[in-house]
Each structure stands twice: as C-alpha cells, then as structure tokens.
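Colleague: File name coords.cif; file contents mmCIF, C-alpha atoms and all ligand atoms; full text below.
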```cif
data_final
loop_
_atom_site.label_atom_id
_atom_site.label_comp_id
_atom_site.auth_asym_id
_atom_site.auth_seq_id
_atom_site.Cartn_x
_atom_site.Cartn_y
_atom_site.Cartn_z
CA MET A 1 8.10 -3.85 25.88
CA ALA A 2 10.29 -2.28 23.20
CA TYR A 3 10.09 -3.52 19.63
CA ASN A 4 12.42 -2.49 16.83
CA LEU A 5 10.55 -2.05 13.57
CA ASN A 6 12.18 -1.46 10.18
CA VAL A 7 9.87 1.08 8.53
CA ASN A 8 10.66 2.54 5.11
CA GLY A 9 14.33 1.64 5.55
CA ARG A 10 14.71 3.14 9.01
CA SER A 11 14.95 1.33 12.32
CA MET A 12 12.40 2.63 14.81
CA THR A 13 11.55 1.66 18.37
CA VAL A 14 7.99 1.15 19.56
CA GLU A 15 7.15 0.81 23.24
CA SER A 16 3.93 -1.19 23.42
CA ASP A 17 2.33 -4.53 24.08
CA GLY A 18 3.25 -7.25 21.60
CA ASP A 19 -0.34 -7.73 20.49
CA THR A 20 -0.64 -4.08 19.44
CA PRO A 21 -1.73 -4.01 15.79
CA LEU A 22 0.97 -2.71 13.46
CA LEU A 23 -1.58 -0.16 12.20
CA TRP A 24 -1.75 1.43 15.67
CA ALA A 25 2.04 1.50 15.97
CA LEU A 26 2.47 3.10 12.56
CA ARG A 27 -0.21 5.76 12.94
CA ASP A 28 -0.40 6.55 16.64
CA ILE A 29 3.15 5.92 17.83
CA LEU A 30 5.38 6.49 14.79
CA GLY A 31 3.22 9.09 13.01
CA PHE A 32 2.86 7.41 9.61
CA LYS A 33 -0.66 8.73 9.12
CA GLY A 34 -0.82 7.79 5.43
CA THR A 35 -1.88 4.26 6.34
CA LYS A 36 -5.61 4.43 7.02
CA PHE A 37 -7.92 2.79 9.53
CA GLY A 38 -11.09 1.50 7.91
CA CYS A 39 -12.81 -1.56 9.31
CA GLY A 40 -10.18 -2.79 11.77
CA VAL A 41 -11.08 -6.41 11.06
CA GLY A 42 -9.23 -7.22 7.84
CA LEU A 43 -12.09 -6.61 5.40
CA CYS A 44 -11.52 -3.26 3.68
CA GLY A 45 -7.82 -3.07 2.80
CA CYS A 46 -7.42 0.59 3.87
CA CYS A 47 -4.57 -0.36 6.19
CA THR A 48 -2.50 -2.26 3.60
CA VAL A 49 1.29 -2.00 3.96
CA HIS A 50 4.10 -4.14 2.59
CA ILE A 51 5.90 -6.59 4.83
CA ASP A 52 8.92 -7.92 2.95
CA GLY A 53 7.17 -6.76 -0.21
CA VAL A 54 3.92 -8.59 0.43
CA ALA A 55 0.67 -6.61 0.74
CA THR A 56 -0.42 -7.13 4.35
CA ARG A 57 -3.30 -5.86 6.49
CA ALA A 58 -1.65 -3.80 9.23
CA CYS A 59 -4.80 -3.96 11.39
CA GLN A 60 -4.42 -7.74 11.59
CA THR A 61 -0.66 -7.84 12.20
CA PRO A 62 0.55 -7.73 15.82
CA ILE A 63 3.86 -5.96 16.23
CA ASP A 64 5.48 -8.98 17.91
CA SER A 65 4.98 -10.96 14.68
CA VAL A 66 6.96 -8.60 12.46
CA GLY A 67 10.49 -9.22 13.72
CA THR A 68 13.18 -7.86 11.40
CA SER A 69 10.95 -7.86 8.31
CA GLU A 70 10.97 -4.74 6.16
CA ILE A 71 7.80 -2.71 6.49
CA ALA A 72 6.91 -0.23 3.75
CA THR A 73 4.09 2.30 4.10
CA ILE A 74 2.60 4.66 1.55
CA GLU A 75 5.20 7.23 2.66
CA GLY A 76 7.90 4.88 1.30
CA LEU A 77 6.13 3.90 -1.92
CA ALA A 78 8.30 6.05 -4.18
CA THR A 79 11.49 4.22 -3.17
CA SER A 80 10.68 1.26 -5.45
CA ASP A 81 10.38 1.19 -9.23
CA PRO A 82 6.90 -0.40 -9.20
CA GLY A 83 5.86 2.13 -6.55
CA ARG A 84 6.97 5.09 -8.69
CA ARG A 85 5.22 3.71 -11.75
CA ILE A 86 2.02 3.14 -9.78
CA GLN A 87 2.17 6.70 -8.42
CA LYS A 88 2.56 8.16 -11.89
CA ALA A 89 -0.26 6.02 -13.27
CA TRP A 90 -2.60 7.11 -10.46
CA LEU A 91 -1.88 10.74 -11.26
CA ASP A 92 -2.16 10.32 -15.03
CA PHE A 93 -5.50 8.50 -14.72
CA GLU A 94 -6.79 10.74 -11.93
CA VAL A 95 -7.83 7.63 -10.04
CA VAL A 96 -8.49 9.27 -6.68
CA GLN A 97 -11.90 10.50 -5.61
CA CYS A 98 -12.27 11.06 -1.84
CA GLY A 99 -8.90 9.37 -1.43
CA TYR A 100 -9.56 7.49 1.79
CA CYS A 101 -9.02 3.99 0.43
CA GLN A 102 -6.21 4.98 -1.92
CA PRO A 103 -3.09 4.39 0.22
CA GLY A 104 -4.19 0.78 0.59
CA GLN A 105 -5.06 0.54 -3.10
CA LEU A 106 -1.64 1.89 -4.10
CA MET A 107 0.20 -0.50 -1.80
CA SER A 108 -1.73 -3.52 -3.10
CA ALA A 109 -1.16 -2.42 -6.70
CA ALA A 110 2.59 -1.94 -6.18
CA ALA A 111 2.89 -5.36 -4.56
CA LEU A 112 1.02 -6.87 -7.50
CA LEU A 113 3.40 -5.31 -10.05
CA THR A 114 6.41 -6.51 -8.08
CA GLU A 115 5.07 -10.06 -8.05
CA THR A 116 3.42 -10.02 -11.49
CA PRO A 117 4.97 -7.39 -13.79
CA ASP A 118 2.39 -7.75 -16.58
CA PRO A 119 -0.87 -8.68 -14.84
CA THR A 120 -4.01 -9.85 -16.62
CA ASP A 121 -7.47 -8.60 -15.69
CA GLU A 122 -7.87 -11.73 -13.59
CA ASP A 123 -4.55 -11.10 -11.79
CA ILE A 124 -5.64 -7.53 -11.05
CA ASP A 125 -9.06 -8.59 -9.80
CA ALA A 126 -7.53 -11.24 -7.56
CA ALA A 127 -4.89 -8.91 -6.12
CA MET A 128 -7.20 -5.94 -5.60
CA SER A 129 -10.39 -7.72 -4.48
CA GLY A 130 -9.64 -7.10 -0.80
CA ASN A 131 -9.39 -3.33 -1.25
CA LEU A 132 -12.82 -1.71 -1.08
CA CYS A 133 -13.62 1.75 -2.46
CA ARG A 134 -16.84 3.51 -1.51
CA CYS A 135 -16.33 5.96 -4.38
CA GLY A 136 -16.20 3.23 -7.01
CA THR A 137 -12.78 3.91 -8.56
CA TYR A 138 -12.33 0.27 -9.55
CA ASN A 139 -12.31 0.76 -13.32
CA ARG A 140 -9.73 3.52 -13.17
CA ILE A 141 -7.62 1.47 -10.78
CA ARG A 142 -7.58 -1.40 -13.24
CA ASP A 143 -6.67 0.89 -16.15
CA ALA A 144 -3.94 2.58 -14.12
CA ILE A 145 -2.37 -0.73 -13.12
CA LYS A 146 -2.23 -1.87 -16.76
CA TYR A 147 -0.69 1.46 -17.76
CA ALA A 148 1.85 1.31 -14.91
CA ALA A 149 2.90 -2.18 -16.00
CA HIS A 150 4.06 -0.79 -19.35
CA LEU A 151 5.58 2.50 -18.26
CA ASP A 152 9.17 3.01 -19.27
CA ALA A 153 11.34 1.75 -16.44
CA THR A 154 13.51 4.86 -16.68
CA MET A 155 10.50 6.94 -15.62
CA GLU A 156 11.88 10.11 -17.12
CA ASN A 157 8.46 11.73 -16.92
CA ALA A 158 7.63 10.55 -13.41
CA GLN A 159 6.17 13.08 -11.03
S1 LIG A 201 -8.61 -1.43 8.49
FE1 LIG A 201 -7.42 -3.17 8.05
S2 LIG A 201 -8.55 -4.25 6.54
FE2 LIG A 201 -9.88 -2.61 7.13
S1 LIG A 202 -11.56 7.00 -3.38
FE1 LIG A 202 -13.13 7.29 -1.87
S2 LIG A 202 -13.23 5.37 -0.84
FE2 LIG A 202 -11.94 5.03 -2.53
#
```
Can you present the structure in this file as structure tokens?
Modeller:
Amino acid sequence: MAYNLNVNGRSMTVESDGDTPLLWALRDILGFKGTKFGCGVGLCGCCTVHIDGVATRACQTPIDSVGTSEIATIEGLATSDPGRRIQKAWLDFEVVQCGYCQPGQLMSAAALLTETPDPTDEDIDAAMSGNLCRCGTYNRIRDAIKYAAHLDATMENAQ
C-alpha cells in the first residue's frame, strides 16, 4: 500500500505494509540514513525523530499510524531555531565521540528546548534518560543543552 509521509517539510510516498516501522521507511526506502538503528525495541533512543515536534522512537512507530503528522529527522534539524541552537552547542562543546547515538540525542534535546526553553537539570535528565550513549557523553550533553537554552536567538555565530 502507498503511504504519504511528510518528512522535513516534503511530501513523500512510501510503498510498504502499514506495520512497517517508520525507521525502516526513513532509512531503507527514503534514504534518510541519519536516523540510526540501535536496539529496535524502543530502549536506546538512537532512532529518535520528531512527530509533530514530539521526540518519538521511529522503531516503534508503524507508518500507518503517522497520517499527516509532520516528521522531522536529523537532516531537518537546522530548520528550527531550537535545532540550530542545539547544533551549535554540540559543536562548541565537542559533545560527539563515536557519534552513533548522537542523531537521537540531538533530536531529543531539540524537542526538549521546544517544550521547555530553560530546562533544569531534572528536566534534562527526564527528557534525555531514554537516549543511551556507550561513549558516556552525558555530562557534555547536559552542559550543551544548558548553553543552547541561552544562546542568542539571532544565532549570528551559528555554524
Ligand atoms: S532503535 Fe529505536 S529505541 Fe533503539
Ligand atoms: S557518542 Fe558513541 S554511543 Fe554516544
């Protein structure tokens, strides 16, 4: 069956079964390889995308449940103000180590800043607790989120 998905502001058609995980459709059919496969069972957060702005596990989201909702992947992160600020903060704090978990981390962090513009440590821990990092970048992630929350909205120095 054909499903129309709105990905990063573009309408795209996916021919597949309705129970196909959104992660499969994004990576294998539409070529958005930035979203990573980790555990496949909703535990690691590697596959996190935004659906109508909410951080969502793509491996646990069948394509027939998405409807006309707006999907954003890491490739579309820079189209939002929180996304640009998070990107700059990640670069300034050199958060990334191996990088595998980081697309999911960035998407969860951007969703947090959209929902909670000035998050506390507790807000950050709650929002990011589902994103696992084998390299242990958690402290730098927390620092980068706090920094991103207070970046100038004009982002004149953004990368
Ligand atoms: S791959 Fe989706 S949560 Fe791990
Ligand atoms: S940066 Fe390596 S798993 Fe997170």
Colleague: When you look at Gly45 in chain A with a cut-off of 7 Å (counting only C-alpha atoms), what residues show up, excluding the ones that are within fewer than 5 positions of it in the same chain? I need them as a list in words.
Modeller: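 The residues that qualify are Arg57, Gly104, Gly130, Asn131 and Leu132 of chain A.
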Colleague: Go through A:Pro62, A:Gly9, A:Gly136, A:Gly53 and flag the residue nearest Val95 in chain A, using only C-alpha atoms for the distances.
Modeller: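 So, comparing all the options, the nearest one is A:Gly136.
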Colleague: Residues at most 9 Å from range 72-87 of chain A, counting all atoms listed in the file, excluding those fewer than 2 positions away in the same chain, as a ChimeraX atom specification?
Modeller: /A:6-9,26,32-35,48-53,70,89-92,103-104,106-107,109-114,117,144-145,147-155,158-159
Colleague: Distance limit 6 Å, reference ligand LIG 201 (chain A), atoms considered: only C-alpha atoms and all ligand atoms. Which residues make the cut? Give them as a list in words.
Modeller: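 Protein and nucleic-acid residues within 6 Å of ligand LIG 201 (chain A): Phe37, Gly38, Cys39, Gly40, Val41, Gly42, Leu43, Cys44, Gly45, Cys46, Cys47, Arg57, Ala58 and Cys59 of chain A.
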Colleague: Could you tell me how far CA of Cys133 in chain A sits from CA of Pro119 in chain A, in Å to one decimal place?
Modeller: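 Computed distance, CA of Pro119 in chain A to CA of Cys133 in chain A, equals 20.6 Å.
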Colleague: How big is the axis-aligned box, and where does its centre sit, when it encloses all atoms of ligand LIG 202 (chain A) listed in the file and has 3 Å added on every side, reported in Å to one decimal as lines of an AutoDock Vina configuration file?
Modeller:
```
center_x = -12.4
center_y = 6.2
center_z = -2.1
size_x = 7.7
size_y = 8.3
size_z = 8.5
```
Colleague: Separation of CA of Gln97 in chain A and CA of Tyr138 in chain A, in Å?
Modeller: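 CA of Tyr138 in chain A lies 11.0 Å from CA of Gln97 in chain A.
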Colleague: Sorted by chain and rising residue number, which residues of chain A lie within 6 Å of ligand LIG 202 (chain A), and what are their closest atom pairs and distances in Å to one decimal, counting only C-alpha atoms and all ligand atoms, as CSV?
Modeller:
```
residue,atom,partner,partner_atom,distance
A:Val96,CA,A:LIG202,S1,5.0
A:Gln97,CA,A:LIG202,S1,4.2
A:Cys98,CA,A:LIG202,FE1,3.9
A:Gly99,CA,A:LIG202,S1,4.1
A:Tyr100,CA,A:LIG202,S2,5.0
A:Cys101,CA,A:LIG202,FE2,4.3
A:Gln102,CA,A:LIG202,FE2,5.8
A:Cys133,CA,A:LIG202,FE2,3.7
A:Arg134,CA,A:LIG202,S2,4.1
A:Cys135,CA,A:LIG202,FE1,4.3
```
Colleague: Rounded to one decimal place, report the CA of Met12 in chain A-CA of Ala25 in chain A distance in Å.
Modeller: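 According to the coordinates, CA of Met12 in chain A and CA of Ala25 in chain A are separated by 10.5 Å.
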Colleague: Counting only C-alpha atoms, which of A:Arg142, A:Gln105, A:Asp28, A:Thr137 gets nearest to Glu122 in chain A?
Modeller: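 Closest to Glu122 in chain A of all the choices is A:Arg142.
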Colleague: Quick one: of A:Val54, A:Asp143, A:Leu22, A:Thr61, who's nearest to Glu115 in chain A, counting all atoms listed in the file?
Modeller: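 The shortest atom-to-atom distance to Glu115 in chain A comes from A:Val54.
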Colleague: Neighbours of Asp64 in chain A within 12 Å (all atoms listed in the file; same-chain residues fewer than 3 positions away dropped), as a list in words?
Modeller: Met1, Ala2, Tyr3, Asn4, Leu5, Val14, Glu15, Ser16, Asp17, Gly18, Asp19, Thr20, Pro21, Leu22, Ala25, Gln60, Thr61, Gly67, Thr68 and Ser69 of chain A
